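Here's entry16.cif, which has mmCIF, C-alpha atoms and all ligand atoms:
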```cif
data_upload
#
loop_
_atom_site.label_atom_id
_atom_site.label_comp_id
_atom_site.auth_asym_id
_atom_site.auth_seq_id
_atom_site.Cartn_x
_atom_site.Cartn_y
_atom_site.Cartn_z
CA MET A 18 -15.14 8.22 -30.57
CA THR A 19 -14.53 10.65 -27.71
CA THR A 20 -12.59 9.48 -24.65
CA LYS A 21 -15.72 9.95 -22.53
CA ALA A 22 -17.66 7.64 -24.84
CA LYS A 23 -14.79 5.17 -24.80
CA ILE A 24 -14.67 5.03 -21.02
CA GLU A 25 -18.43 4.41 -20.93
CA LEU A 26 -18.13 1.67 -23.53
CA PHE A 27 -15.15 0.21 -21.68
CA SER A 28 -17.11 0.06 -18.43
CA ILE A 29 -20.11 -1.56 -20.09
CA GLN A 30 -18.03 -4.16 -21.92
CA ASN A 31 -15.68 -4.91 -19.08
CA LYS A 32 -17.74 -4.46 -15.96
CA THR A 33 -16.59 -7.09 -13.53
CA THR A 34 -18.63 -8.19 -10.56
CA LEU A 35 -17.35 -9.11 -7.10
CA ASP A 36 -16.15 -12.68 -7.10
CA THR A 37 -17.44 -14.92 -4.35
CA SER A 38 -14.28 -14.53 -2.26
CA LEU A 39 -14.90 -10.78 -1.79
CA ARG A 40 -17.48 -8.71 0.08
CA ASN A 41 -18.37 -5.07 0.59
CA TYR A 42 -17.66 -3.58 4.03
CA LYS A 43 -18.78 0.02 4.61
CA GLY A 44 -18.44 0.65 0.87
CA TYR A 45 -15.03 -1.04 0.48
CA VAL A 46 -14.17 -4.34 -1.12
CA MET A 47 -12.37 -6.78 1.16
CA PRO A 48 -11.97 -10.56 1.30
CA CYS A 49 -14.74 -12.57 2.99
CA GLU A 50 -12.20 -13.53 5.67
CA PHE A 51 -12.08 -9.87 6.77
CA LYS A 52 -15.53 -10.30 8.35
CA ASN A 53 -13.94 -12.08 11.33
CA TYR A 54 -11.58 -9.14 11.95
CA LEU A 55 -13.83 -6.16 11.30
CA ASP A 56 -15.13 -5.78 14.88
CA ASP A 57 -11.72 -6.35 16.49
CA ILE A 58 -10.21 -3.66 14.27
CA GLU A 59 -13.04 -1.27 15.01
CA GLN A 60 -12.60 -1.78 18.77
CA PHE A 61 -8.77 -1.96 18.58
CA GLU A 62 -7.14 -0.02 21.43
CA VAL A 63 -4.94 2.62 19.87
CA ARG A 64 -2.00 4.11 21.81
CA GLU A 65 -0.86 7.73 21.61
CA ASP A 66 2.70 6.63 20.84
CA ASP A 67 1.76 4.24 18.03
CA VAL A 68 2.93 5.20 14.56
CA TRP A 69 0.49 4.24 11.80
CA LEU A 70 1.48 3.95 8.14
CA THR A 71 -1.50 3.92 5.80
CA GLY A 72 -1.81 3.75 2.03
CA PHE A 73 -3.61 1.92 -0.77
CA PRO A 74 -1.72 -1.26 -1.77
CA LYS A 75 1.34 -0.74 -3.98
CA THR A 76 1.72 2.96 -3.24
CA GLY A 77 5.17 2.49 -1.67
CA THR A 78 4.14 1.61 1.89
CA THR A 79 7.09 -0.77 2.42
CA TRP A 80 9.56 1.93 1.35
CA LEU A 81 8.04 4.47 3.73
CA GLN A 82 7.74 1.92 6.56
CA GLU A 83 11.49 1.31 6.43
CA MET A 84 12.13 5.06 6.46
CA VAL A 85 9.78 5.71 9.38
CA TRP A 86 11.07 2.78 11.45
CA LEU A 87 14.69 3.88 11.04
CA ILE A 88 13.96 7.51 11.83
CA GLU A 89 12.02 6.57 14.97
CA ASN A 90 14.66 4.04 16.05
CA ASN A 91 17.65 6.39 15.86
CA LEU A 92 18.92 4.85 12.60
CA ASP A 93 19.44 1.42 14.17
CA TYR A 94 20.64 -0.33 10.99
CA GLU A 95 21.58 -3.41 13.03
CA GLY A 96 18.03 -3.69 14.41
CA ALA A 97 16.67 -3.12 10.90
CA LYS A 98 18.11 -6.50 9.88
CA MET A 99 15.04 -8.06 11.49
CA ASP A 100 12.25 -8.68 8.97
CA LEU A 101 10.15 -5.53 8.50
CA ASN A 102 6.97 -7.54 9.01
CA TYR A 103 7.99 -8.09 12.66
CA ARG A 104 9.23 -4.54 13.22
CA PHE A 105 6.25 -2.91 11.50
CA PRO A 106 3.38 -5.43 11.38
CA TYR A 107 0.53 -5.29 8.89
CA LEU A 108 -2.75 -5.00 10.82
CA GLU A 109 -5.03 -6.99 8.51
CA PHE A 110 -2.31 -9.38 7.33
CA THR A 111 -4.18 -12.55 8.34
CA PRO A 112 -7.40 -12.14 6.34
CA ILE A 113 -5.43 -10.85 3.35
CA ILE A 114 -2.94 -13.74 3.30
CA GLN A 115 -5.79 -16.23 3.80
CA TYR A 116 -7.46 -14.69 0.75
CA ARG A 117 -4.24 -14.70 -1.28
CA LEU A 118 -3.54 -18.33 -0.40
CA ARG A 119 -7.09 -19.57 -0.84
CA SER A 120 -6.03 -22.01 -3.56
CA VAL A 121 -3.41 -23.57 -1.26
CA PRO A 122 -4.59 -26.38 1.06
CA ASP A 123 -4.46 -25.36 4.77
CA GLU A 124 -2.07 -28.17 5.67
CA VAL A 125 0.54 -26.76 3.25
CA CYS A 126 0.79 -23.35 4.93
CA GLY A 127 -0.12 -24.29 8.47
CA SER A 128 -2.10 -22.01 10.75
CA ILE A 129 -1.57 -18.26 10.42
CA PRO A 130 -1.54 -16.27 13.68
CA ASN A 131 -4.16 -13.54 14.14
CA SER A 132 -2.35 -10.33 13.17
CA VAL A 133 -4.90 -8.04 14.87
CA ARG A 134 -4.71 -9.90 18.16
CA GLU A 135 -0.90 -10.06 18.02
CA LEU A 136 -0.72 -6.29 17.57
CA ALA A 137 -3.26 -5.71 20.33
CA ASN A 138 -1.11 -7.74 22.72
CA MET A 139 2.23 -6.25 21.70
CA GLU A 140 4.03 -4.76 24.69
CA GLU A 141 6.73 -2.80 22.83
CA ARG A 142 6.19 0.49 21.03
CA ARG A 143 4.04 -0.24 17.99
CA PHE A 144 4.56 0.59 14.33
CA ILE A 145 1.43 -0.43 12.43
CA LYS A 146 0.89 -0.66 8.69
CA THR A 147 -2.54 -0.86 7.10
CA HIS A 148 -4.05 -0.45 3.64
CA LEU A 149 -7.49 0.18 5.13
CA PRO A 150 -9.41 3.36 4.34
CA TRP A 151 -10.16 5.82 7.14
CA GLU A 152 -13.71 4.44 7.60
CA LEU A 153 -12.37 0.98 8.48
CA LEU A 154 -9.74 2.19 10.97
CA PRO A 155 -10.21 1.72 14.73
CA LEU A 156 -12.99 3.95 16.06
CA GLN A 157 -10.57 5.68 18.46
CA ILE A 158 -8.67 7.06 15.45
CA GLN A 159 -11.84 7.98 13.58
CA ASN A 160 -13.37 9.87 16.49
CA GLY A 161 -10.06 11.46 17.47
CA SER A 162 -10.13 10.20 21.07
CA VAL A 163 -6.59 8.87 20.57
CA LYS A 164 -4.24 10.67 18.20
CA PRO A 165 -1.27 8.57 17.13
CA LYS A 166 0.95 9.91 14.34
CA ILE A 167 -0.39 8.71 10.99
CA ILE A 168 1.60 8.89 7.76
CA HIS A 169 -0.31 8.24 4.57
CA ILE A 170 1.17 7.61 1.12
CA ILE A 171 -0.43 8.05 -2.28
CA ARG A 172 0.81 7.20 -5.79
CA ASN A 173 -0.25 7.66 -9.38
CA PRO A 174 -3.09 5.12 -9.84
CA LYS A 175 -1.83 3.98 -13.25
CA ASP A 176 1.42 2.72 -11.70
CA VAL A 177 -0.49 1.40 -8.68
CA CYS A 178 -2.77 -0.64 -10.92
CA VAL A 179 0.08 -2.25 -12.88
CA SER A 180 2.06 -2.91 -9.69
CA TYR A 181 -1.05 -4.44 -8.07
CA HIS A 182 -1.40 -6.87 -10.96
CA HIS A 183 2.23 -8.00 -10.64
CA HIS A 184 1.80 -8.29 -6.88
CA GLY A 185 -1.08 -10.75 -7.42
CA LYS A 186 1.20 -12.92 -9.53
CA LEU A 187 3.52 -13.45 -6.55
CA PHE A 188 0.83 -15.65 -5.01
CA PRO A 189 0.25 -19.25 -6.11
CA GLY A 190 -2.70 -19.87 -8.40
CA TYR A 191 -3.10 -16.24 -9.57
CA ARG A 192 -4.49 -16.25 -13.08
CA ASN A 193 -5.73 -12.71 -13.81
CA THR A 194 -4.36 -11.03 -16.90
CA LEU A 195 -3.29 -7.39 -16.76
CA GLU A 196 -6.44 -6.43 -18.66
CA GLN A 197 -8.66 -8.24 -16.16
CA ASP A 198 -6.91 -6.46 -13.30
CA VAL A 199 -7.28 -3.05 -14.97
CA ASN A 200 -11.00 -3.83 -15.32
CA ALA A 201 -11.26 -4.89 -11.69
CA PHE A 202 -9.34 -1.79 -10.53
CA LEU A 203 -11.54 0.58 -12.54
CA SER A 204 -14.79 -1.17 -11.63
CA ASP A 205 -13.94 -1.30 -7.90
CA THR A 206 -13.86 -5.06 -7.57
CA MET A 207 -10.35 -5.48 -6.16
CA PRO A 208 -9.53 -5.61 -2.44
CA TYR A 209 -9.34 -2.12 -0.87
CA THR A 210 -11.18 -0.41 -3.75
CA PRO A 211 -12.75 2.02 -4.58
CA PHE A 212 -9.31 3.56 -5.05
CA TRP A 213 -10.62 7.14 -4.93
CA SER A 214 -12.71 6.75 -1.80
CA ASN A 215 -9.74 5.09 -0.11
CA ILE A 216 -7.20 7.82 -0.86
CA LEU A 217 -9.65 10.70 -0.47
CA SER A 218 -10.68 9.37 2.94
CA TYR A 219 -7.22 10.51 4.10
CA TRP A 220 -6.63 13.36 1.69
CA THR A 221 -9.64 15.24 3.03
CA LYS A 222 -8.39 14.94 6.63
CA GLN A 223 -5.19 16.92 6.15
CA SER A 224 -6.26 19.50 8.68
CA HIS A 225 -5.63 16.82 11.34
CA THR A 226 -2.28 17.74 12.82
CA ASN A 227 -1.42 14.06 13.51
CA LEU A 228 -1.70 13.18 9.79
CA LEU A 229 1.02 13.62 7.16
CA VAL A 230 0.38 12.79 3.50
CA MET A 231 3.35 11.81 1.33
CA THR A 232 3.51 10.82 -2.33
CA TYR A 233 5.61 8.10 -3.94
CA GLU A 234 6.53 10.47 -6.73
CA GLN A 235 7.86 13.13 -4.36
CA MET A 236 9.94 10.47 -2.63
CA LYS A 237 11.39 9.43 -5.99
CA LYS A 238 12.04 13.02 -7.00
CA ASN A 239 13.74 14.11 -3.81
CA LEU A 240 14.34 11.41 -1.22
CA PRO A 241 16.47 13.55 1.15
CA ALA A 242 13.73 16.21 1.29
CA SER A 243 11.16 13.47 1.95
CA ILE A 244 13.32 12.04 4.74
CA ARG A 245 13.56 15.50 6.34
CA LYS A 246 9.82 16.06 6.01
CA VAL A 247 9.00 12.76 7.72
CA ALA A 248 11.67 13.31 10.40
CA ASN A 249 10.28 16.76 11.09
CA PHE A 250 6.75 15.36 11.43
CA LEU A 251 8.06 12.73 13.85
CA GLY A 252 9.92 15.39 15.83
CA LYS A 253 13.39 14.05 14.99
CA ASP A 254 16.42 16.01 13.92
CA LEU A 255 18.75 14.40 11.36
CA ASN A 256 22.04 15.90 10.22
CA THR A 257 23.20 15.92 6.58
CA GLU A 258 25.30 12.81 7.04
CA GLN A 259 22.46 10.87 8.64
CA VAL A 260 20.09 11.88 5.85
CA ALA A 261 22.65 10.77 3.23
CA GLY A 262 23.15 7.42 5.01
CA LEU A 263 19.40 6.81 5.16
CA GLN A 264 19.04 7.83 1.53
CA ARG A 265 21.60 5.15 0.56
CA HIS A 266 19.85 2.54 2.67
CA LEU A 267 16.48 3.37 1.09
CA CYS A 268 17.53 3.53 -2.56
CA PHE A 269 15.71 0.99 -4.73
CA GLU A 270 18.80 -1.11 -5.48
CA ASN A 271 19.64 -1.50 -1.79
CA MET A 272 16.09 -2.27 -0.78
CA GLN A 273 15.87 -4.76 -3.63
CA ARG A 274 18.88 -6.60 -2.15
CA ASN A 275 17.74 -6.29 1.48
CA LYS A 276 16.10 -9.55 2.61
CA ALA A 277 14.54 -7.82 5.63
CA VAL A 278 12.28 -5.80 3.34
CA ASN A 279 12.20 -7.43 -0.11
CA PHE A 280 9.72 -10.30 0.60
CA GLN A 281 12.14 -12.67 -1.11
CA PRO A 282 11.94 -15.13 1.85
CA MET A 283 8.18 -15.47 1.25
CA ILE A 284 8.69 -16.07 -2.48
CA GLU A 285 11.47 -18.61 -1.75
CA ALA A 286 9.16 -20.39 0.72
CA PHE A 287 6.43 -20.69 -1.93
CA LYS A 288 9.02 -21.97 -4.40
CA ASN A 289 10.29 -24.54 -1.90
CA MET A 290 6.74 -25.71 -1.28
CA LYS A 291 6.53 -26.16 -5.08
CA LEU A 292 3.51 -23.85 -5.23
CA TYR A 293 4.74 -22.24 -8.45
CA LYS A 294 5.49 -23.75 -11.83
CA GLU A 295 7.83 -20.86 -12.62
CA CYS A 296 9.29 -17.83 -10.85
CA PRO A 297 6.54 -15.18 -10.76
CA GLY A 298 8.82 -12.12 -10.38
CA SER A 299 9.88 -10.10 -7.37
CA PHE A 300 8.24 -7.74 -4.89
CA MET A 301 10.83 -5.01 -5.53
CA ARG A 302 9.88 -4.97 -9.20
CA LYS A 303 10.73 -1.71 -11.01
CA GLY A 304 10.53 1.05 -8.46
CA ILE A 305 10.06 3.85 -10.97
CA VAL A 306 7.55 6.55 -11.80
CA GLY A 307 5.54 5.98 -14.98
CA SER A 308 6.24 2.25 -15.40
CA HIS A 309 2.64 1.76 -16.54
CA LYS A 310 3.69 3.18 -19.91
CA ASP A 311 5.61 -0.03 -20.66
CA GLU A 312 2.54 -2.18 -20.21
CA LEU A 313 -0.70 -0.27 -20.72
CA SER A 314 -1.96 0.48 -24.22
CA GLN A 315 -2.49 4.10 -25.27
CA ASP A 316 -6.25 3.48 -25.22
CA ILE A 317 -6.22 2.22 -21.64
CA ILE A 318 -4.00 5.12 -20.57
CA LYS A 319 -6.47 7.57 -22.10
CA ILE A 320 -9.36 5.86 -20.35
CA MET A 321 -7.51 5.98 -17.05
CA ASN A 322 -6.61 9.65 -17.54
CA THR A 323 -10.29 10.45 -18.02
CA TRP A 324 -11.18 8.35 -14.97
CA ILE A 325 -8.58 10.27 -12.93
CA ALA A 326 -9.88 13.63 -14.18
CA GLN A 327 -13.49 12.67 -13.40
CA ASN A 328 -12.66 11.47 -9.91
CA THR A 329 -10.57 14.45 -8.91
CA LEU A 330 -12.85 17.04 -10.47
CA ASN A 331 -14.60 18.10 -7.29
CA THR A 332 -11.62 17.63 -4.99
CA ASN A 333 -8.58 19.77 -4.30
CA LEU A 334 -6.41 16.84 -5.31
CA LYS A 335 -4.69 18.14 -8.42
CA PHE A 336 -1.78 16.40 -9.96
CA ASP A 337 0.09 16.35 -13.20
CA GLU A 338 0.74 13.24 -15.23
CA PHE A 339 3.37 11.90 -12.88
CA PHE A 340 1.76 13.11 -9.68
CA VAL A 341 4.89 15.10 -8.88
CA ASN A 342 3.44 18.56 -8.55
CA VAL A 343 0.74 17.40 -6.23
CA THR A 344 -1.03 20.31 -4.62
CA GLN A 345 -1.39 19.92 -0.89
CA ARG A 346 -3.67 22.29 0.92
CA ARG A 347 -4.10 22.28 4.63
S1 LIG B 1 2.33 -3.55 -0.73
O1 LIG B 1 2.42 -4.96 -1.17
O2 LIG B 1 0.99 -3.03 -0.98
O3 LIG B 1 2.75 -3.35 0.65
O4 LIG B 1 3.32 -2.76 -1.71
P1 LIG B 1 3.99 -1.33 -1.43
O5 LIG B 1 5.16 -1.49 -0.58
O6 LIG B 1 2.95 -0.37 -1.00
O7 LIG B 1 4.44 -0.89 -2.89
C1 LIG B 1 5.35 -1.67 -3.65
C2 LIG B 1 5.88 -0.78 -4.75
O8 LIG B 1 6.87 0.12 -4.18
C3 LIG B 1 8.10 -0.06 -4.87
N1 LIG B 1 9.23 0.21 -3.98
C4 LIG B 1 10.15 1.16 -4.22
N2 LIG B 1 10.25 2.06 -5.20
C5 LIG B 1 11.34 2.89 -5.17
N3 LIG B 1 12.31 2.84 -4.23
C6 LIG B 1 12.24 1.93 -3.24
N4 LIG B 1 13.20 1.88 -2.34
C7 LIG B 1 11.11 1.05 -3.19
N5 LIG B 1 10.74 0.06 -2.37
C8 LIG B 1 9.58 -0.44 -2.86
C9 LIG B 1 8.03 -1.52 -5.31
O9 LIG B 1 9.01 -1.79 -6.29
C10 LIG B 1 6.61 -1.58 -5.82
O10 LIG B 1 6.40 -0.84 -7.03
P2 LIG B 1 6.57 -1.43 -8.52
O11 LIG B 1 6.03 -0.37 -9.42
O12 LIG B 1 5.78 -2.70 -8.58
O13 LIG B 1 8.03 -1.65 -8.71
#
```

Written form, structure tokens:
Amino acid sequence: MTTKAKIELFSIQNKTTLDTSLRNYKGYVMPCEFKNYLDDIEQFEVREDDVWLTGFPKTGTTWLQEMVWLIENNLDYEGAKMDLNYRFPYLEFTPIIQYRLRSVPDEVCGSIPNSVRELANMEERRFIKTHLPWELLPLQIQNGSVKPKIIHIIRNPKDVCVSYHHHGKLFPGYRNTLEQDVNAFLSDTMPYTPFWSNILSYWTKQSHTNLLVMTYEQMKKNLPASIRKVANFLGKDLNTEQVAGLQRHLCFENMQRNKAVNFQPMIEAFKNMKLYKECPGSFMRKGIVGSHKDELSQDIIKIMNTWIAQNTLNTNLKFDEFFVNVTQRR
């Protein structure tokens, strides 16, 4: 059977439908809870000096957030001991965490503050992370009336998909198998999908001078060059020593140990609340390029390769197997 026939058969056999906790908003799948935040995000007042970090889930946003925050804050390693979620809040955190914790009774977790409102009221300089596609960003960004710096990150979807599955397992009550999550990812029934619309919504805007697109694979291949590229975009000058220091701080092993960025406190809290039967893994999981090869069958990899080829066919997004030689055209 040809790969094309296989992918068709795969989609017919495995087509998953949106479960009742998800809805479609402007063509994107998001939790039902997002409905209460949609308008506030659309009308959100953007500031020229905001820095926005965007990217599909599991593309390396946390890694890049830490880099951006340190570059913009003159390498304040002392200040970086504060949890990243406070330094660089996640815009739509509240509806996402409500969705992730839907199997946990409200009284166990207590009330969760409104992340959109908190960011709107923040007096300090803002660093804002979001996984939303361009079409769901505040209107002021979409219509260009306010132009904050936006840094977007993309990553090989095969690694994203596997990482997304393991991410789900960090939350109590998650039961999806890897195969079910591959199905959901390919049939656009996971939060923030369709994957391609989401990443292309930024990719196609690269002529905007306030937007920089990075890739996880380039960061892995040459972190110092990536640090310089981001610093340059942010208008900061770093010397060789400063770049080397930041490179050390950002290496996987150090971030894995760093409680301000590794989400271990959240996992410990769930453990202490006895929400897990057993330890579900860690947020800083593997941190490598190509880790999908350890878990996806050859058949699934072939299907995903065809899916990638089909979805990039009419775009100028060209990448090799590991997404390293990504072609960026302005
Ligand atoms: S989230 O939950 O969507 O915000 O996740 P995100 O931060 O975007 O992506 C998590 C993946 O990034 C890996 N990661 C790193 N890789 C290399 N070096 C460093 N320093 C680093 N920090 C985070 C993290 O391990 C997740 O990927 P996987 O493949 O699951 O290991």

Hey, which residues come within 8 Å of ligand LIG 1 (chain B) if we count all atoms listed in the file? Could you give them as a PyMOL selection string? chain A and resi 72-81+148+176-177+179-181+183-184+233+237+267-273+279+300-306+308

Resulting file, chosen residues, C-alpha atoms, as a short mmCIF file (atom, residue, chain, number, x, y, z; two decimals), in the frame of the given file:
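And here's out02.cif as it stands now:
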```cif
data_model
loop_
_atom_site.label_atom_id
_atom_site.label_comp_id
_atom_site.auth_asym_id
_atom_site.auth_seq_id
_atom_site.Cartn_x
_atom_site.Cartn_y
_atom_site.Cartn_z
CA GLY A 72 -1.81 3.75 2.03
CA PHE A 73 -3.61 1.92 -0.77
CA PRO A 74 -1.72 -1.26 -1.77
CA LYS A 75 1.34 -0.74 -3.98
CA THR A 76 1.72 2.96 -3.24
CA GLY A 77 5.17 2.49 -1.67
CA THR A 78 4.14 1.61 1.89
CA THR A 79 7.09 -0.77 2.42
CA TRP A 80 9.56 1.93 1.35
CA LEU A 81 8.04 4.47 3.73
CA HIS A 148 -4.05 -0.45 3.64
CA ASP A 176 1.42 2.72 -11.70
CA VAL A 177 -0.49 1.40 -8.68
CA VAL A 179 0.08 -2.25 -12.88
CA SER A 180 2.06 -2.91 -9.69
CA TYR A 181 -1.05 -4.44 -8.07
CA HIS A 183 2.23 -8.00 -10.64
CA HIS A 184 1.80 -8.29 -6.88
CA TYR A 233 5.61 8.10 -3.94
CA LYS A 237 11.39 9.43 -5.99
CA LEU A 267 16.48 3.37 1.09
CA CYS A 268 17.53 3.53 -2.56
CA PHE A 269 15.71 0.99 -4.73
CA GLU A 270 18.80 -1.11 -5.48
CA ASN A 271 19.64 -1.50 -1.79
CA MET A 272 16.09 -2.27 -0.78
CA GLN A 273 15.87 -4.76 -3.63
CA ASN A 279 12.20 -7.43 -0.11
CA PHE A 300 8.24 -7.74 -4.89
CA MET A 301 10.83 -5.01 -5.53
CA ARG A 302 9.88 -4.97 -9.20
CA LYS A 303 10.73 -1.71 -11.01
CA GLY A 304 10.53 1.05 -8.46
CA ILE A 305 10.06 3.85 -10.97
CA VAL A 306 7.55 6.55 -11.80
CA SER A 308 6.24 2.25 -15.40
#
```

Return as JSON lines the residues of range 125-231 of chain A lying at most 9 Å from range 314-334 of chain A, together with the closest atom-to-atom pair for each and the distance in Å to one decimal, counting only C-alpha atoms, with rows in chain order and ascending residue number.
```
{"residue": "A:Pro174", "atom": "CA", "partner": "A:Ile325", "partner_atom": "CA", "distance": 8.1}
{"residue": "A:Lys175", "atom": "CA", "partner": "A:Met321", "partner_atom": "CA", "distance": 7.1}
{"residue": "A:Val199", "atom": "CA", "partner": "A:Ile317", "partner_atom": "CA", "distance": 8.6}
{"residue": "A:Leu203", "atom": "CA", "partner": "A:Met321", "partner_atom": "CA", "distance": 8.1}
{"residue": "A:Trp213", "atom": "CA", "partner": "A:Asn328", "partner_atom": "CA", "distance": 6.9}
{"residue": "A:Leu217", "atom": "CA", "partner": "A:Leu334", "partner_atom": "CA", "distance": 8.5}
{"residue": "A:Trp220", "atom": "CA", "partner": "A:Leu334", "partner_atom": "CA", "distance": 7.8}
{"residue": "A:Thr221", "atom": "CA", "partner": "A:Thr332", "partner_atom": "CA", "distance": 8.6}
```

So which residues touch range 99-104 of chain A within 9 Å, counting only C-alpha atoms, skipping near sequence neighbours fewer than 6 positions away, as a PDB file with C-alpha atoms, in the coordinates of the input?
```pdb
ATOM      1  CA  THR A  79       7.090  -0.770   2.420  1.00  0.00           C
ATOM      2  CA  GLN A  82       7.740   1.920   6.560  1.00  0.00           C
ATOM      3  CA  GLU A  83      11.490   1.310   6.430  1.00  0.00           C
ATOM      4  CA  TRP A  86      11.070   2.780  11.450  1.00  0.00           C
ATOM      5  CA  ARG A 143       4.040  -0.240  17.990  1.00  0.00           C
ATOM      6  CA  PHE A 144       4.560   0.590  14.330  1.00  0.00           C
ATOM      7  CA  ILE A 145       1.430  -0.430  12.430  1.00  0.00           C
ATOM      8  CA  LYS A 276      16.100  -9.550   2.610  1.00  0.00           C
ATOM      9  CA  ALA A 277      14.540  -7.820   5.630  1.00  0.00           C
ATOM     10  CA  VAL A 278      12.280  -5.800   3.340  1.00  0.00           C
ATOM     11  CA  PHE A 280       9.720 -10.300   0.600  1.00  0.00           C
TER      12      PHE A 280
END
```

Env of range 291-296 of chain A: 10 Å cut, atoms = all atoms listed in the file, seq-sep filter 3 positions within chain, self excluded. Answer as a list in words.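 Counting all atoms listed in the file, the residues come to Ser120, Val121, Val125, Lys186, Leu187, Phe188, Pro189, Gly190, Tyr191, Ile284, Glu285, Ala286, Phe287, Lys288 and Ser299 of chain A.
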
Between A:Glu141, A:Thr210, A:Asn193, A:Pro241, single out the one closest to Arg265 in chain A, counting all atoms listed in the file. A:Pro241

Distance query 10 Å from (2.0, 5.7, 9.5) using all atoms listed in the file, result as a list of chain:residue names: A:Asp67, A:Val68, A:Trp69, A:Leu70, A:Thr71, A:Gly72, A:Thr78, A:Leu81, A:Gln82, A:Val85, A:Trp86, A:Phe105, A:Phe144, A:Ile145, A:Lys146, A:Thr147, A:Pro165, A:Lys166, A:Ile167, A:Ile168, A:His169, A:Ile170, A:Asn227, A:Leu228, A:Leu229, A:Val230

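The interatomic distance for the pair CA of Tyr94 in chain A and CA of Ile244 in chain A works out to 15.7 Å.
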
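Using all atoms listed in the file, the smallest distance between any of A:Pro297, A:Pro112, A:Gly252, A:Pro48 and Ser132 in chain A comes from A:Pro112.
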
Spatial neighbours of Asp36 in chain A, 12 Å, all atoms listed in the file, chain gap at least 5 places, as a list in words: Asn41, Val46, Met47, Pro48, Cys49, Tyr116, Ala201, Asp205, Thr206, Met207 and Pro208 of chain A
